[in-house]
Every structure is written in C-alpha cells, then in structure tokens.
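Below is one structure; the comments refer to it alone.
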Amino acid sequence: MKRYGTWIGWCAVLATLPTLAAAEISGKVTLKGTPPPERKVAFDALCGKLHTKDAFTRHYVVGPDSGLANVFVYLKEGPPGKTYPIPEKMPVLDQVHCFYEPYVMGVLVDQKFQIKNSDPLMHNVHATPKVEGNKEFNVGQPVQGMVTERSFSKPEVLVRFKCDVHPWMFAYVGVLPHHYFAVTDNEGKFKFPADLPAGKYTVVAYHLKAGEVTQDITVAEGDKKELAFTLEAK
Amino acid sequence: MELPPIRRWLTRYAWMTVGATFVLIWLGGLVTSKGAGMAVPDWPNTYGYNLFLFPISQWMGGIFYEHTHRLWAALVGLLTAGLAGWLWARETRGRDRWLGLGAMALAVGLLGVRAMPVYVGLAGLALPVMAWGLWRFAKQPAGLRWLGVVALAAVILQGVLGGLRVTWLKDELGVFHGLLAQSFLVLLTVTAVLSTAWWRRGLVQSDEVRALRLPFVVATVLIFGQLTLGATMRHRHAGLAVPDFPLAYGRLWPRLDEEAVRRYNQQRIEVVAAHPITATDVVLHMAHRLGACVVVGAVVWVWTRSRRRLAAGHPVRRLAAVWLGLIGVQFTLGAVTVWTNKAADIATAHVAVGALALLIGGVMCLVTWNGRWVRRVMGAGAAADRAGGAGPQKGISVGSIDRTATPSGCVIAMHDRGAAAV
C-alpha cells in the first residue's frame, strides 16, 4: 500500500512539473490623464424599468489607482508549436438589464461561446467582425433565457457585438489562436494562464479608446513577471 | 390612340402617393438615425411573424422604428402599384391593357412568394424595366403609363434593397436604398405634376422660364450630390465625425494624420455602437459641409436669376424663393445636427428637408426644361384632354387657350402641337 502511495506521489510531482517550470505573467494597466466624462444612457421604457438608478457608458472605467478596466491584454504571438484544447466550459456573453456582460471578453479561435438573453424582453445579437473569414451575424433573441452558440474561425481583436433594438448595448470579444489573453478588472489588473513556456514575447495592451501599447519580454522557466502598462487619455 | 382626359381623382391619388412616400423617407431616416436598421434581423418576416401579424406588444425599442418603416413601405408599395395600374388602364385598351395589368399583378404577386431567389430575380429585373420604361416614356411622353411602370419597378427594387440590406448585412446597400428613395420621391412627384391642370395648361412656360434651366439643373444635381455624400456618411455608421461647427476640431480644416484621428476617437464618448471614425469619415463630413456652401450658392444663383428675369408673383420665382428658404432651413438643420451631437430627430428632419429640396429641384428642372420632349408632353396632353372633351369638372381642357395673361402676369401661348412663349 505504501509503495502505491509513493508512486502516486511521484506521478503528481511529474504532472505539476511543467506548470512549475512555466512562466506566469500578470500586471496592471493604468490610465494617465483625464478621460472625457461618460454619458448617461437614455433607456427606453422597458429597459428603464430594470434600472433603479442612472446608468452610464463604459468607455473609460478607471479604478481608484488609475487602474483601467476592460483592457484586452494578450500575446501578439503565442508560443510556437503549442496547442490549446478547447475548454469544456463555454464563455458566456450575457445580456443583463439591457447591457452586455462582460463588456470585453476573449475566446479562442473556433471556441464556441454562448450569447444569452437574461432579460425579460427582446434583444437582437448583431456581431460585426471585420476580418475575412469571420462571419457577421444578426440573430433575434425574443425570449428570456434564450442562448445562442457561436464561434469565430479567425483571430480578431476585437469583434464588436451590438443590439439594434437597444442601440446603447454593445460589447467586444477578442478572438485569438492561443489562450494567453486577459481582460483587466476594475483595478486594471490582469493575469495570463500560468503555463507560458520560456521565450521571447510581445505583450499587447489594447483599449478601445485609449489605444494600444506593447512590451517585449523575455521569460525564463518558472519566471513570475509583473508587467505595468500605461495608456494615455489625451 | 387618343388618351382620355386625366381625372382629378388620379391626380389626387398621385399626390397622396407622393405624401406617403415622403412620410416613408422620414421614417427611413428615423430608422438610420436611431441606429435601428438591423433591429429586426429577418426579412421578409419579422422575428418569424408575417409582417402584418407581428404583435404590437413587441414593437419595442429599435423594432418599433424598423417595423413601422416596413409596414409603411408596404403601404407605399401598394399605393404605387395602384397608381401604375390606374395609369396603365387609363391609357391602354384591349390586349395591351390586360397584358400590362397582368404583368403588374404578377410582379406584385411574386413578392408574396417570399423566397429570396424570387426577390433577387425581381430586383434584377427591375433595373432593365426601369430603363425600358423611361425610354418608352421619352418616346411617348403624352402618356404617363410608362412612368407608372418605372415607379412600380423602382418601388419593388427599393423594397428588395431594404430587405437585402438586412439579410445580407451590407451597409453599402443602405446608401443605394437611401438614394433610390429620394429619386423615387422625385419620380412620383414628376408623375403627379405631369398629371395636374397646372402643368397641362402650361402656365409657367415662357422663354424667361426656360432661360433658368441651367441654374436649376446645376443646383439640383449639386443637391443630389450632397444627398449622396450625406447618405454615405450615415451608412458608414461612424456617428458624428466632426463634433464642432463652424470650426472643425477647432480649425478651419481638421488634421487628418493618424495621431489626430486617434485623438478624435479617444475623445468621442458614443452612447450608441458607432464605428471608430477614420480620416475618410472626417473628409466626407468636411466635403458635406463644403457641398452645403456650394448648394447654398447655387440656389442663391437660381433665386437671383429668377428675380431678375421673372415678374413678381410668377410661380417659378415664388418657388425659387421657397427653395432658397428650404435650403436655408436645411443648412441650419445641418448645423443643429452637429450642435446636438446628431440628435436623431434633428438628423431625420435634415434627411427629410433634403428630400424636399431635391423634389423641388426635380420639378423645377422639368418646368424649365425647354426640350422638344416637354413641348410634346404638353401638346399631346393638351390635345388628348381636348379630344376627351372634358371640362374643368371632369378633366382638364387646355387646347383652346391661345394667348393668356396668367394671374401672375406671365404671358403664354398654347398651340395644338406645343407651347411657345410670346
């Protein structure tokens, strides 16, 4: 019995070795300068009933330490030769209280994701990709709880989604051939999956309004890098 | 074949169709201004329902604008089919009448098949039919039936274009849809005008009026160019590319380099899902502003020429003044559109007044055109009306007029074969 326990222990160590050897990238994106003020959303009667207080656009969501949310951070090119199994759990782009949630998200190329209508009213989901090979689509979701599954076959940063029934509703989905991407939270922080092989990479931080900055990095096995990006509102 | 006199009810019906089309352009403008063009993702159905059976309880948000536009478009289509059929039945006899009416009924009936290949086929057929109809009308301008055929083909093409814009997800089709709408309004108005007593009596024909044809044509073409620019801007869905007026980003001519455009986009806080602007959007916007100045100049030219050449109270001179006023309103609406950050109602009014400006230009081109064609229309129409023996109550009789001083002081002469000024 003791022998079996030893074997299991060694197997566990071996299984975690690649992860231990892999690099881990995380960081923060901050905004320099004062962004223009957000505008109040004028809901229609039905959507207005779902809100008890005013809602505003989400172009610049800036945290207390100037951390900038909704920045899509990603590796310009993933590690060569590495494959990425499609995760079983599908990402969800939800429609809640006449807003898309999340505002920015990422998926893998050919990864199916769900678009869900959680509202007790009708929406349409209109994706407007620009890259050839990614198909534009426009589907109605008249019933609460309705789910539509879609995927994109080419990398694209970022694909815009909008609801033409409620034109203030729009969101963005980044499509990449690798899974080294993240969207900054309300503090401007992000973290890539912790299985990045050693190598040289270019990290891109892209915000729809503030623009794009890049950093070239070299990571060794087991590195833990903390990156800092600054975007500017001019 | 002698043509029967035009009944006043036909003229009234034609004007009603013009009115309905103007409302439709307003509604269409509202759809684009509200960003609701794709709010109903299917066509010809509406969220799976037959267009006419879509529950009112679901007419919400952008669906309300798009669905109302579709319903009103169906009404305009039926009105146009009625007008085309009426004109055809009025001017033909025997086999020609039934063949023509049968072809029209078939075209309208095929729309009910509700299959995409049928729609595309009808749209493809509409263009040659329009060309053919215009050619036949030019050859036989005494009758209006070929204009009716052109109008019916145009309204079918317009409807299918609107539907394909939705199902094919092509912004570019929206530009053609918008321009065809404006042209269709002019076509219907011309048809209505040609059927009026005012036109068939030739009250406005004179050398002085004909001398104004160049300014009128130039100004009308410029207005159409301006509408094309406007439609292109709107259907790029980039929102307001230049947010200040009369300056542009604080300058006479805005910077267009990459850094400047990036900064413009950074500063834009759109409430709706607008595309980021590009240098092309800014240039288009500025061209539209410059175009507005050129149009104002052209219409001022028309107005001063008409004041110089025509007596006070002459209908053409009055219409030129109305036109100038309308262009002034349009210019103001353009400025207010910028100042209100493209408020949907203002932007829509801008579209509608633009359509009216084109309409007046189109009619005035017709009035001032001094070709053999116009004389033939008037001569043949007058002869036909006289042959019909209809008086003012039933039809329009003008052939007996030889030399008349109009209330406005415009002296005209009418002859059996045409009109000439004295």
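Ligands are numbered from 1 in the order shown, chains are lettered A, B, ... in the order of the structure tokens, and residues start at 1 in each chain.
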
For this session: Identify all residues of segment 31-177 of chain A in helix (DSSP H, G or I) (DSSP on the backbone) and supply them as a list in words.
Result: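 Taking segment 31-177 of chain A and keeping helix (DSSP H, G or I) only, one gets Ala45, Leu46, Cys47 and Gly48 of chain A.
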
Write to file, as a short mmCIF file (atom, residue, chain, number, x, y, z; two decimals), in the first residue's frame, the residues of the selection just made, with N, CA and C atoms.
data_model
loop_
_atom_site.label_atom_id
_atom_site.label_comp_id
_atom_site.auth_asym_id
_atom_site.auth_seq_id
_atom_site.Cartn_x
_atom_site.Cartn_y
_atom_site.Cartn_z
N ALA A 45 -38.59 52.66 -22.31
CA ALA A 45 -39.46 52.42 -21.16
C ALA A 45 -39.21 51.05 -20.52
N LEU A 46 -39.08 50.01 -21.35
CA LEU A 46 -38.96 48.65 -20.80
C LEU A 46 -37.62 48.46 -20.09
N CYS A 47 -36.55 48.91 -20.72
CA CYS A 47 -35.24 48.74 -20.08
C CYS A 47 -35.13 49.63 -18.86
N GLY A 48 -35.77 50.80 -18.92
CA GLY A 48 -35.74 51.72 -17.77
C GLY A 48 -36.29 51.07 -16.51
#

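Close contacts of segment 106-120 of chain A, defined as residues with an atom at most 7 Å away when counting only C-alpha atoms, with chain neighbours fewer than 2 positions off set aside, comprise A:Ile86, A:Met90, A:Pro91, A:Val92, A:Leu93, A:Asp94, A:Gln95, A:Val96, A:His97, A:Gln141, A:Gln144, A:Gly145, A:Met146, A:Val147, A:Thr148, A:Glu149, A:Arg150, A:Ser151, A:Phe152, A:Ser153, A:Lys154, A:Pro155, A:Val173, A:Gly174, A:Val175, A:Leu176, A:Pro177, A:His178, A:His179.
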
Exercise. Quick one: which residues from chain B are at most 8 Å off chain A, using only C-alpha atoms, as a list of chain:residue names?
Worked result: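 Selected residues: B:Lys34, B:Gly35, B:Ala36, B:Gly37, B:Met38, B:Ala39, B:Val40, B:Pro41, B:Tyr47, B:Gln58, B:Met60, B:Gly61, B:Gly62, B:Ile63, B:Leu169, B:Arg262, B:Arg263, B:Asn265, B:Gln266, B:Gln267, B:Arg268, B:Ile269, B:Glu270, B:Val271, B:Val272, B:Ala273.
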
Need to verify the contact set: Gly239 of chain B, 12 Å, only C-alpha atoms, exclusion of same-chain residues closer than 5 positions in sequence. Can you return it as a PDB file with C-alpha atoms, in the first residue's frame?
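What follows is the written file out-v8.pdb:
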ATOM      1  CA  THR B  32     -30.962  55.097 -39.520  1.00  0.00           C
ATOM      2  CA  SER B  33     -30.776  57.997 -37.057  1.00  0.00           C
ATOM      3  CA  LYS B  34     -31.860  55.704 -34.237  1.00  0.00           C
ATOM      4  CA  GLY B  35     -29.393  53.012 -35.328  1.00  0.00           C
ATOM      5  CA  GLY B 230     -24.973  62.537 -46.682  1.00  0.00           C
ATOM      6  CA  THR B 232     -22.692  57.700 -47.483  1.00  0.00           C
ATOM      7  CA  MET B 233     -21.841  59.354 -44.173  1.00  0.00           C
ATOM      8  CA  ARG B 234     -24.940  57.998 -42.477  1.00  0.00           C
ATOM      9  CA  ASN B 265     -11.665  58.725 -31.283  1.00  0.00           C
ATOM     10  CA  ARG B 268     -15.642  60.608 -28.555  1.00  0.00           C
ATOM     11  CA  ILE B 269     -17.987  59.161 -25.959  1.00  0.00           C
ATOM     12  CA  GLU B 270     -20.652  57.456 -28.030  1.00  0.00           C
ATOM     13  CA  VAL B 271     -23.808  56.222 -26.418  1.00  0.00           C
ATOM     14  CA  VAL B 272     -24.556  54.009 -29.398  1.00  0.00           C
ATOM     15  CA  ALA B 273     -22.377  51.423 -31.088  1.00  0.00           C
ATOM     16  CA  ALA B 274     -20.701  53.653 -33.633  1.00  0.00           C
ATOM     17  CA  HIS B 275     -17.650  52.590 -35.591  1.00  0.00           C
ATOM     18  CA  PRO B 276     -14.458  54.449 -34.736  1.00  0.00           C
ATOM     19  CA  ILE B 277     -14.040  57.311 -37.160  1.00  0.00           C
ATOM     20  CA  THR B 278     -11.346  57.286 -39.808  1.00  0.00           C
ATOM     21  CA  ASP B 281     -15.137  59.878 -42.322  1.00  0.00           C
ATOM     22  CA  VAL B 282     -13.702  63.270 -41.453  1.00  0.00           C
ATOM     23  CA  HIS B 285     -18.003  65.201 -43.326  1.00  0.00           C
ATOM     24  CA  THR B 337     -27.345  68.241 -36.100  1.00  0.00           C
ATOM     25  CA  VAL B 338     -23.717  68.870 -35.162  1.00  0.00           C
ATOM     26  CA  ASN B 341     -24.383  65.609 -31.354  1.00  0.00           C
ATOM     27  CA  LYS B 342     -26.559  64.163 -34.085  1.00  0.00           C
ATOM     28  CA  ALA B 343     -29.831  64.068 -32.191  1.00  0.00           C
ATOM     29  CA  ALA B 344     -31.978  61.526 -34.012  1.00  0.00           C
ATOM     30  CA  ALA B 347     -30.808  64.384 -38.163  1.00  0.00           C
TER      31      ALA B 347
END

For this session: Please return as a PyMOL selection string: the residues of segment 2-221 of chain A that backbone DSSP assigns to strand (DSSP E or B).
Result: chain A and resi 23-32+40+56+62+67-68+72-75+92-96+99-101+104-108+113-117+123-128+137-141+147-150+156-162+170-176+181-183+189-191+196+199-207+211-219

Exercise. Excluding same-chain residues fewer than 5 positions from segment 186-191 of chain B, what lies within 8 Å of it counting only C-alpha atoms, as a ChimeraX atom specification?
Worked result: /B:14-15,17-18,144,147-148,151,358-359,362-363,366

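Take atom CA of Trp323 of chain B and atom CA of Arg305 of chain B: the distance between them is 13.3 Å.
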
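Residues in contact range of Gly297 of chain B, defined as at most 12 Å between only C-alpha atoms, with sequence neighbours fewer than 3 positions away removed, read Pro215, Val218, Ala219, Leu222, Ile223, Leu290, Gly291, Ala292, Cys293, Val294, Val300, Trp301, Val302, Trp303, Thr304, Leu324, Ile327, Gly328 and Phe331 of chain B.
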